[in-house]
>>> print(open('coords_22.txt').read())   # compact mmCIF, N, CA and C atoms
# COMPACT_ATOMS: atom_id res chain seq x y z
N MET A 1 -14.71 19.83 -10.55
CA MET A 1 -13.29 19.93 -10.81
C MET A 1 -12.76 18.57 -11.26
N LEU A 2 -13.26 18.11 -12.35
CA LEU A 2 -12.82 16.81 -12.87
C LEU A 2 -11.48 16.89 -13.57
N GLN A 3 -10.92 18.08 -13.73
CA GLN A 3 -9.67 18.21 -14.46
C GLN A 3 -8.46 18.16 -13.55
N ARG A 4 -8.61 17.66 -12.35
CA ARG A 4 -7.48 17.57 -11.42
C ARG A 4 -6.59 16.38 -11.79
N ILE A 5 -5.34 16.42 -11.30
CA ILE A 5 -4.36 15.40 -11.66
C ILE A 5 -4.72 14.04 -11.06
N GLN A 6 -5.35 14.05 -9.86
CA GLN A 6 -5.70 12.75 -9.26
C GLN A 6 -6.79 12.03 -10.06
N THR A 7 -7.59 12.78 -10.81
CA THR A 7 -8.58 12.15 -11.67
C THR A 7 -7.89 11.33 -12.76
N VAL A 8 -6.79 11.85 -13.28
CA VAL A 8 -6.03 11.12 -14.30
C VAL A 8 -5.47 9.84 -13.71
N TRP A 9 -4.92 9.91 -12.50
CA TRP A 9 -4.34 8.72 -11.87
C TRP A 9 -5.41 7.68 -11.55
N ILE A 10 -6.56 8.14 -11.08
CA ILE A 10 -7.65 7.19 -10.79
C ILE A 10 -8.14 6.56 -12.09
N PHE A 11 -8.21 7.36 -13.16
CA PHE A 11 -8.63 6.81 -14.45
C PHE A 11 -7.63 5.77 -14.96
N LEU A 12 -6.34 6.00 -14.75
CA LEU A 12 -5.34 5.00 -15.14
C LEU A 12 -5.50 3.72 -14.32
N ALA A 13 -5.88 3.84 -13.05
CA ALA A 13 -6.15 2.65 -12.24
C ALA A 13 -7.38 1.90 -12.77
N ILE A 14 -8.37 2.65 -13.22
CA ILE A 14 -9.56 2.02 -13.82
C ILE A 14 -9.17 1.28 -15.10
N LEU A 15 -8.30 1.89 -15.90
CA LEU A 15 -7.83 1.22 -17.12
C LEU A 15 -7.09 -0.08 -16.79
N GLY A 16 -6.34 -0.09 -15.69
CA GLY A 16 -5.68 -1.32 -15.26
C GLY A 16 -6.68 -2.42 -14.97
N ALA A 17 -7.80 -2.05 -14.31
CA ALA A 17 -8.84 -3.04 -14.02
C ALA A 17 -9.52 -3.51 -15.30
N VAL A 18 -9.72 -2.61 -16.24
CA VAL A 18 -10.35 -2.99 -17.52
C VAL A 18 -9.43 -3.92 -18.30
N PHE A 19 -8.13 -3.62 -18.33
CA PHE A 19 -7.20 -4.49 -19.03
C PHE A 19 -7.12 -5.86 -18.37
N LEU A 20 -7.19 -5.90 -17.05
CA LEU A 20 -7.20 -7.19 -16.35
C LEU A 20 -8.47 -7.97 -16.69
N PHE A 21 -9.59 -7.27 -16.80
CA PHE A 21 -10.84 -7.92 -17.17
C PHE A 21 -10.73 -8.54 -18.56
N VAL A 22 -10.10 -7.82 -19.48
CA VAL A 22 -9.98 -8.31 -20.86
C VAL A 22 -9.00 -9.48 -20.95
N THR A 23 -7.85 -9.36 -20.28
CA THR A 23 -6.83 -10.40 -20.41
C THR A 23 -7.04 -11.56 -19.45
N GLY A 24 -7.83 -11.36 -18.42
CA GLY A 24 -7.99 -12.39 -17.40
C GLY A 24 -9.12 -13.35 -17.63
N GLN A 25 -9.59 -13.46 -18.84
CA GLN A 25 -10.71 -14.35 -19.13
C GLN A 25 -10.30 -15.79 -19.38
N ASP A 26 -9.00 -16.07 -19.46
CA ASP A 26 -8.55 -17.41 -19.83
C ASP A 26 -8.22 -18.30 -18.64
N PHE A 27 -8.47 -17.86 -17.44
CA PHE A 27 -8.16 -18.71 -16.28
C PHE A 27 -9.23 -18.56 -15.22
N SER A 28 -9.26 -19.52 -14.31
CA SER A 28 -10.22 -19.47 -13.21
C SER A 28 -9.48 -19.79 -11.91
N LEU A 29 -9.80 -19.04 -10.89
CA LEU A 29 -9.17 -19.25 -9.59
C LEU A 29 -9.99 -20.16 -8.69
N PHE A 30 -11.29 -19.97 -8.70
CA PHE A 30 -12.16 -20.71 -7.80
C PHE A 30 -13.21 -21.52 -8.55
N GLY A 31 -12.79 -22.24 -9.55
CA GLY A 31 -13.71 -23.09 -10.30
C GLY A 31 -14.57 -22.27 -11.25
N PRO A 32 -15.88 -22.53 -11.27
CA PRO A 32 -16.73 -21.85 -12.26
C PRO A 32 -17.09 -20.41 -11.88
N VAL A 33 -16.69 -19.95 -10.70
CA VAL A 33 -17.01 -18.58 -10.28
C VAL A 33 -16.08 -17.61 -11.00
N PRO A 34 -16.62 -16.62 -11.73
CA PRO A 34 -15.77 -15.65 -12.43
C PRO A 34 -15.25 -14.58 -11.47
N PHE A 35 -14.34 -14.96 -10.58
CA PHE A 35 -13.87 -14.08 -9.52
C PHE A 35 -13.15 -12.86 -10.07
N ILE A 36 -12.32 -13.05 -11.09
CA ILE A 36 -11.57 -11.94 -11.68
C ILE A 36 -12.53 -10.93 -12.29
N SER A 37 -13.53 -11.40 -13.00
CA SER A 37 -14.49 -10.50 -13.64
C SER A 37 -15.26 -9.69 -12.61
N ILE A 38 -15.68 -10.35 -11.53
CA ILE A 38 -16.45 -9.66 -10.49
C ILE A 38 -15.60 -8.59 -9.82
N THR A 39 -14.36 -8.92 -9.49
CA THR A 39 -13.52 -7.93 -8.83
C THR A 39 -13.15 -6.79 -9.77
N CYS A 40 -12.97 -7.07 -11.04
CA CYS A 40 -12.67 -6.00 -11.99
C CYS A 40 -13.84 -5.04 -12.14
N VAL A 41 -15.04 -5.58 -12.19
CA VAL A 41 -16.23 -4.72 -12.27
C VAL A 41 -16.36 -3.88 -11.00
N ALA A 42 -16.08 -4.48 -9.84
CA ALA A 42 -16.13 -3.72 -8.58
C ALA A 42 -15.07 -2.62 -8.57
N LEU A 43 -13.87 -2.91 -9.06
CA LEU A 43 -12.82 -1.90 -9.10
C LEU A 43 -13.18 -0.75 -10.03
N VAL A 44 -13.79 -1.05 -11.16
CA VAL A 44 -14.21 0.01 -12.09
C VAL A 44 -15.29 0.86 -11.45
N LEU A 45 -16.26 0.23 -10.77
CA LEU A 45 -17.32 0.99 -10.09
C LEU A 45 -16.76 1.88 -8.99
N PHE A 46 -15.86 1.33 -8.16
CA PHE A 46 -15.25 2.14 -7.11
C PHE A 46 -14.46 3.30 -7.71
N GLY A 47 -13.80 3.07 -8.82
CA GLY A 47 -13.03 4.12 -9.46
C GLY A 47 -13.91 5.24 -9.99
N PHE A 48 -15.00 4.89 -10.67
CA PHE A 48 -15.88 5.93 -11.19
C PHE A 48 -16.59 6.69 -10.07
N ILE A 49 -16.98 5.99 -9.03
CA ILE A 49 -17.59 6.68 -7.88
C ILE A 49 -16.57 7.61 -7.23
N SER A 50 -15.33 7.18 -7.17
CA SER A 50 -14.28 8.01 -6.61
C SER A 50 -14.03 9.25 -7.47
N ILE A 51 -14.05 9.09 -8.77
CA ILE A 51 -13.86 10.25 -9.65
C ILE A 51 -15.03 11.23 -9.51
N LEU A 52 -16.23 10.70 -9.42
CA LEU A 52 -17.40 11.58 -9.34
C LEU A 52 -17.60 12.21 -7.97
N SER A 53 -16.92 11.73 -6.95
CA SER A 53 -17.04 12.34 -5.62
C SER A 53 -15.84 13.25 -5.37
N TYR A 54 -15.54 14.11 -6.33
CA TYR A 54 -14.38 14.99 -6.22
C TYR A 54 -14.58 16.08 -5.18
N LYS A 55 -15.82 16.39 -4.81
CA LYS A 55 -16.05 17.42 -3.78
C LYS A 55 -15.83 16.88 -2.38
N GLU A 56 -15.94 15.58 -2.20
CA GLU A 56 -15.77 14.96 -0.89
C GLU A 56 -14.47 14.15 -0.90
N ARG A 57 -13.39 14.82 -0.54
CA ARG A 57 -12.07 14.22 -0.64
C ARG A 57 -11.87 13.07 0.33
N LYS A 58 -12.52 13.11 1.49
CA LYS A 58 -12.37 11.99 2.44
C LYS A 58 -13.01 10.73 1.88
N ARG A 59 -14.15 10.86 1.24
CA ARG A 59 -14.80 9.70 0.62
C ARG A 59 -13.94 9.19 -0.53
N GLN A 60 -13.32 10.11 -1.26
CA GLN A 60 -12.47 9.72 -2.37
C GLN A 60 -11.26 8.92 -1.88
N ILE A 61 -10.67 9.35 -0.79
CA ILE A 61 -9.54 8.61 -0.21
C ILE A 61 -10.00 7.25 0.29
N LEU A 62 -11.18 7.19 0.92
CA LEU A 62 -11.71 5.91 1.41
C LEU A 62 -11.94 4.93 0.26
N LEU A 63 -12.56 5.41 -0.81
CA LEU A 63 -12.81 4.54 -1.96
C LEU A 63 -11.50 4.08 -2.61
N ASN A 64 -10.52 4.96 -2.66
CA ASN A 64 -9.22 4.57 -3.21
C ASN A 64 -8.54 3.54 -2.31
N ASN A 65 -8.67 3.69 -1.00
CA ASN A 65 -8.08 2.70 -0.09
C ASN A 65 -8.75 1.34 -0.21
N ILE A 66 -10.06 1.33 -0.40
CA ILE A 66 -10.77 0.06 -0.62
C ILE A 66 -10.29 -0.58 -1.92
N SER A 67 -10.12 0.24 -2.95
CA SER A 67 -9.61 -0.28 -4.23
C SER A 67 -8.18 -0.79 -4.09
N LEU A 68 -7.38 -0.11 -3.26
CA LEU A 68 -6.02 -0.58 -3.01
C LEU A 68 -6.02 -1.96 -2.36
N ILE A 69 -6.89 -2.17 -1.39
CA ILE A 69 -6.96 -3.46 -0.71
C ILE A 69 -7.41 -4.55 -1.68
N ILE A 70 -8.41 -4.25 -2.49
CA ILE A 70 -8.89 -5.24 -3.45
C ILE A 70 -7.79 -5.57 -4.46
N ASN A 71 -7.07 -4.55 -4.93
CA ASN A 71 -5.98 -4.79 -5.88
C ASN A 71 -4.86 -5.59 -5.25
N ALA A 72 -4.56 -5.34 -3.99
CA ALA A 72 -3.50 -6.11 -3.32
C ALA A 72 -3.89 -7.58 -3.18
N LEU A 73 -5.15 -7.83 -2.81
CA LEU A 73 -5.62 -9.22 -2.73
C LEU A 73 -5.61 -9.88 -4.10
N LEU A 74 -6.02 -9.14 -5.10
CA LEU A 74 -6.03 -9.66 -6.46
C LEU A 74 -4.62 -9.95 -6.95
N LEU A 75 -3.68 -9.10 -6.60
CA LEU A 75 -2.29 -9.31 -6.97
C LEU A 75 -1.75 -10.58 -6.32
N GLY A 76 -2.07 -10.78 -5.06
CA GLY A 76 -1.64 -11.99 -4.37
C GLY A 76 -2.24 -13.25 -4.98
N LEU A 77 -3.53 -13.20 -5.31
CA LEU A 77 -4.17 -14.36 -5.93
C LEU A 77 -3.60 -14.66 -7.32
N LEU A 78 -3.32 -13.62 -8.08
CA LEU A 78 -2.76 -13.85 -9.41
C LEU A 78 -1.32 -14.37 -9.33
N ALA A 79 -0.56 -13.89 -8.37
CA ALA A 79 0.80 -14.41 -8.19
C ALA A 79 0.75 -15.87 -7.77
N TYR A 80 -0.18 -16.22 -6.88
CA TYR A 80 -0.35 -17.62 -6.48
C TYR A 80 -0.74 -18.47 -7.69
N TRP A 81 -1.64 -17.94 -8.51
CA TRP A 81 -2.07 -18.68 -9.71
C TRP A 81 -0.89 -18.92 -10.65
N LEU A 82 -0.05 -17.88 -10.84
CA LEU A 82 1.11 -18.05 -11.72
C LEU A 82 2.10 -19.05 -11.18
N LEU A 83 2.29 -19.06 -9.87
CA LEU A 83 3.27 -19.98 -9.29
C LEU A 83 2.79 -21.42 -9.25
N THR A 84 1.49 -21.65 -9.28
CA THR A 84 0.98 -23.02 -9.24
C THR A 84 0.75 -23.61 -10.63
N LEU A 85 0.96 -22.83 -11.68
CA LEU A 85 0.81 -23.37 -13.02
C LEU A 85 1.94 -24.34 -13.32
N PRO A 86 1.67 -25.42 -14.02
CA PRO A 86 2.75 -26.34 -14.37
C PRO A 86 3.64 -25.75 -15.46
N GLY A 87 4.88 -26.16 -15.45
CA GLY A 87 5.79 -25.77 -16.52
C GLY A 87 6.75 -24.66 -16.18
N GLY A 88 6.85 -24.28 -14.92
CA GLY A 88 7.81 -23.24 -14.55
C GLY A 88 7.26 -21.85 -14.78
N MET A 89 8.12 -20.87 -14.62
CA MET A 89 7.69 -19.48 -14.70
C MET A 89 8.23 -18.84 -15.97
N ASN A 90 7.57 -19.05 -17.07
CA ASN A 90 7.92 -18.42 -18.32
C ASN A 90 6.96 -17.27 -18.52
N PHE A 91 7.40 -16.05 -18.23
CA PHE A 91 6.50 -14.91 -18.10
C PHE A 91 5.70 -14.57 -19.35
N PRO A 92 6.30 -14.45 -20.54
CA PRO A 92 5.47 -14.10 -21.69
C PRO A 92 4.45 -15.17 -22.05
N GLU A 93 4.75 -16.41 -21.73
CA GLU A 93 3.83 -17.49 -22.07
C GLU A 93 2.64 -17.51 -21.11
N LYS A 94 2.86 -17.16 -19.86
CA LYS A 94 1.80 -17.29 -18.86
C LYS A 94 0.94 -16.06 -18.73
N GLY A 95 1.38 -14.92 -19.18
CA GLY A 95 0.53 -13.75 -19.14
C GLY A 95 1.09 -12.63 -18.28
N ILE A 96 0.47 -11.49 -18.45
CA ILE A 96 0.90 -10.31 -17.71
C ILE A 96 -0.17 -9.85 -16.74
N GLU A 97 -1.07 -10.73 -16.37
CA GLU A 97 -2.19 -10.34 -15.53
C GLU A 97 -1.79 -9.73 -14.18
N PRO A 98 -0.74 -10.22 -13.50
CA PRO A 98 -0.40 -9.59 -12.21
C PRO A 98 0.17 -8.17 -12.33
N LEU A 99 0.57 -7.76 -13.51
CA LEU A 99 1.10 -6.41 -13.65
C LEU A 99 0.00 -5.35 -13.57
N PHE A 100 -1.21 -5.68 -14.00
CA PHE A 100 -2.28 -4.70 -14.00
C PHE A 100 -2.70 -4.29 -12.59
N PRO A 101 -2.89 -5.21 -11.64
CA PRO A 101 -3.18 -4.74 -10.27
C PRO A 101 -2.01 -3.97 -9.66
N LEU A 102 -0.79 -4.35 -10.00
CA LEU A 102 0.37 -3.63 -9.48
C LEU A 102 0.39 -2.19 -10.00
N LEU A 103 0.14 -2.00 -11.28
CA LEU A 103 0.07 -0.65 -11.83
C LEU A 103 -1.09 0.13 -11.25
N SER A 104 -2.21 -0.53 -11.00
CA SER A 104 -3.35 0.14 -10.39
C SER A 104 -3.03 0.58 -8.96
N ILE A 105 -2.31 -0.25 -8.23
CA ILE A 105 -1.92 0.12 -6.86
C ILE A 105 -1.03 1.36 -6.88
N ILE A 106 -0.08 1.40 -7.79
CA ILE A 106 0.82 2.55 -7.89
C ILE A 106 0.04 3.81 -8.26
N CYS A 107 -0.87 3.70 -9.22
CA CYS A 107 -1.67 4.86 -9.63
C CYS A 107 -2.57 5.35 -8.50
N LEU A 108 -3.17 4.44 -7.76
CA LEU A 108 -4.04 4.85 -6.66
C LEU A 108 -3.25 5.49 -5.52
N LEU A 109 -2.05 5.00 -5.26
CA LEU A 109 -1.21 5.63 -4.23
C LEU A 109 -0.84 7.06 -4.63
N ILE A 110 -0.49 7.26 -5.89
CA ILE A 110 -0.16 8.60 -6.37
C ILE A 110 -1.39 9.50 -6.31
N ALA A 111 -2.56 8.97 -6.66
CA ALA A 111 -3.80 9.75 -6.59
C ALA A 111 -4.09 10.17 -5.15
N ASN A 112 -3.87 9.26 -4.20
CA ASN A 112 -4.10 9.60 -2.79
C ASN A 112 -3.16 10.70 -2.32
N VAL A 113 -1.93 10.71 -2.81
CA VAL A 113 -0.99 11.78 -2.46
C VAL A 113 -1.53 13.13 -2.92
N PHE A 114 -2.02 13.19 -4.16
CA PHE A 114 -2.53 14.45 -4.67
C PHE A 114 -3.85 14.86 -4.01
N ILE A 115 -4.68 13.89 -3.63
CA ILE A 115 -5.91 14.22 -2.92
C ILE A 115 -5.59 14.81 -1.55
N ARG A 116 -4.63 14.22 -0.85
CA ARG A 116 -4.23 14.77 0.45
C ARG A 116 -3.61 16.16 0.30
N LYS A 117 -2.90 16.37 -0.80
CA LYS A 117 -2.31 17.69 -1.06
C LYS A 117 -3.43 18.72 -1.25
N ASP A 118 -4.47 18.37 -1.99
CA ASP A 118 -5.62 19.26 -2.16
C ASP A 118 -6.31 19.53 -0.83
N GLU A 119 -6.43 18.49 -0.02
CA GLU A 119 -7.08 18.64 1.29
C GLU A 119 -6.29 19.62 2.16
N ARG A 120 -4.99 19.51 2.16
CA ARG A 120 -4.16 20.46 2.93
C ARG A 120 -4.30 21.88 2.40
N LEU A 121 -4.39 22.04 1.08
CA LEU A 121 -4.54 23.35 0.48
C LEU A 121 -5.87 23.98 0.87
N VAL A 122 -6.94 23.21 0.85
CA VAL A 122 -8.25 23.72 1.23
C VAL A 122 -8.27 24.12 2.70
N LYS A 123 -7.65 23.30 3.56
CA LYS A 123 -7.61 23.65 4.98
C LYS A 123 -6.79 24.90 5.23
N SER A 124 -5.72 25.09 4.48
CA SER A 124 -4.91 26.29 4.68
C SER A 124 -5.64 27.54 4.21
N VAL A 125 -6.43 27.43 3.17
CA VAL A 125 -7.23 28.58 2.70
C VAL A 125 -8.33 28.89 3.70
N ASP A 126 -8.92 27.86 4.30
CA ASP A 126 -9.97 28.09 5.31
C ASP A 126 -9.40 28.80 6.54
N ARG A 127 -8.17 28.56 6.88
CA ARG A 127 -7.57 29.23 8.02
C ARG A 127 -7.36 30.72 7.75
N LEU A 128 -7.13 31.06 6.48
CA LEU A 128 -6.87 32.46 6.13
C LEU A 128 -8.13 33.32 6.13
N ARG A 129 -9.28 32.71 6.02
CA ARG A 129 -10.53 33.49 5.98
C ARG A 129 -10.84 34.13 7.26
>>> encode(input="coords_22.txt", output="structure tokens")
Amino acid sequence: MLQRIQTVWIFLAILGAVFLFVTGQDFSLFGPVPFISITCVALVLFGFISILSYKERKRQILLNNISLIINALLLGLLAYWLLTLPGGMNFPEKGIEPLFPLLSIICLLIANVFIRKDERLVKSVDRLR
């Protein structure tokens, strides 16, 4: 059942991680370690595993929650990076990198709502049998 609405939301969260990977190549947080690239690859992997585990909704919620935590940490690190740059906060000049984890967080929260809705529907049908 890959045609469910939560699959679309999880895919949009994956696109947020891909866009962050593409736009986040111009800065470094921890020296030579490509921290942004590693976390983006992990977020994409968690997203695809979550999409492919559509039969196990509890695992899907767990993977989405892990992705939410990673995105929240990434959002905090990117906000810290933006605030420590010299020259003030000129948003178009400094980049839109913190928006991608924020959009991913929103998409994953909406996906979790629909996954829980499916879980309630399945439980209610099991009670009727």
>>> closest_residue(input="coords_22.txt", among="A:Arg127, A:Val113, A:Val41, A:Glu119", to="Lys58 of chain A", atoms="all atoms listed in the file")
A:Glu119
>>> residues_around(input="coords_22.txt", residues="Val18 of chain A", least_positions_apart="3", cutoff="8 Å", atoms="only N, CA and C atoms", output="PyMOL selection string")
chain A and resi 12-15+21-24+40-41+43-44
>>> select_by_dssp(input="coords_22.txt", residues="chain A", states="alpha helix (DSSP H)", output="NGL selection string")
:A and (5-23 or 35-52 or 57-84 or 91-94 or 99-128)
>>> atom_distance(input="coords_22.txt", atom1="atom C of Pro98 of chain A", atom2="atom N of Gly76 of chain A")
8.0 Å
>>> closest_residue(input="coords_22.txt", among="A:Ala79, A:Ile36, A:Ile51, A:Ala72", to="Leu103 of chain A", atoms="only C-alpha atoms")
A:Ala72
>>> closest_residue(input="coords_22.txt", among="A:Ile115, A:Ser124, A:Leu20, A:Gln3", to="Leu102 of chain A", atoms="only C-alpha atoms")
A:Leu20
>>> atom_distance(input="coords_22.txt", atom1="atom CA of Asn65 of chain A", atom2="atom CA of Leu109 of chain A")
8.5 Å
>>> closest_residue(input="coords_22.txt", among="A:Ile5, A:Ser37, A:Ile110, A:Leu121", to="Ile61 of chain A", atoms="only C-alpha atoms")
A:Ile110
>>> atom_distance(input="coords_22.txt", atom1="atom C of Leu73 of chain A", atom2="atom N of Pro101 of chain A")
9.3 Å
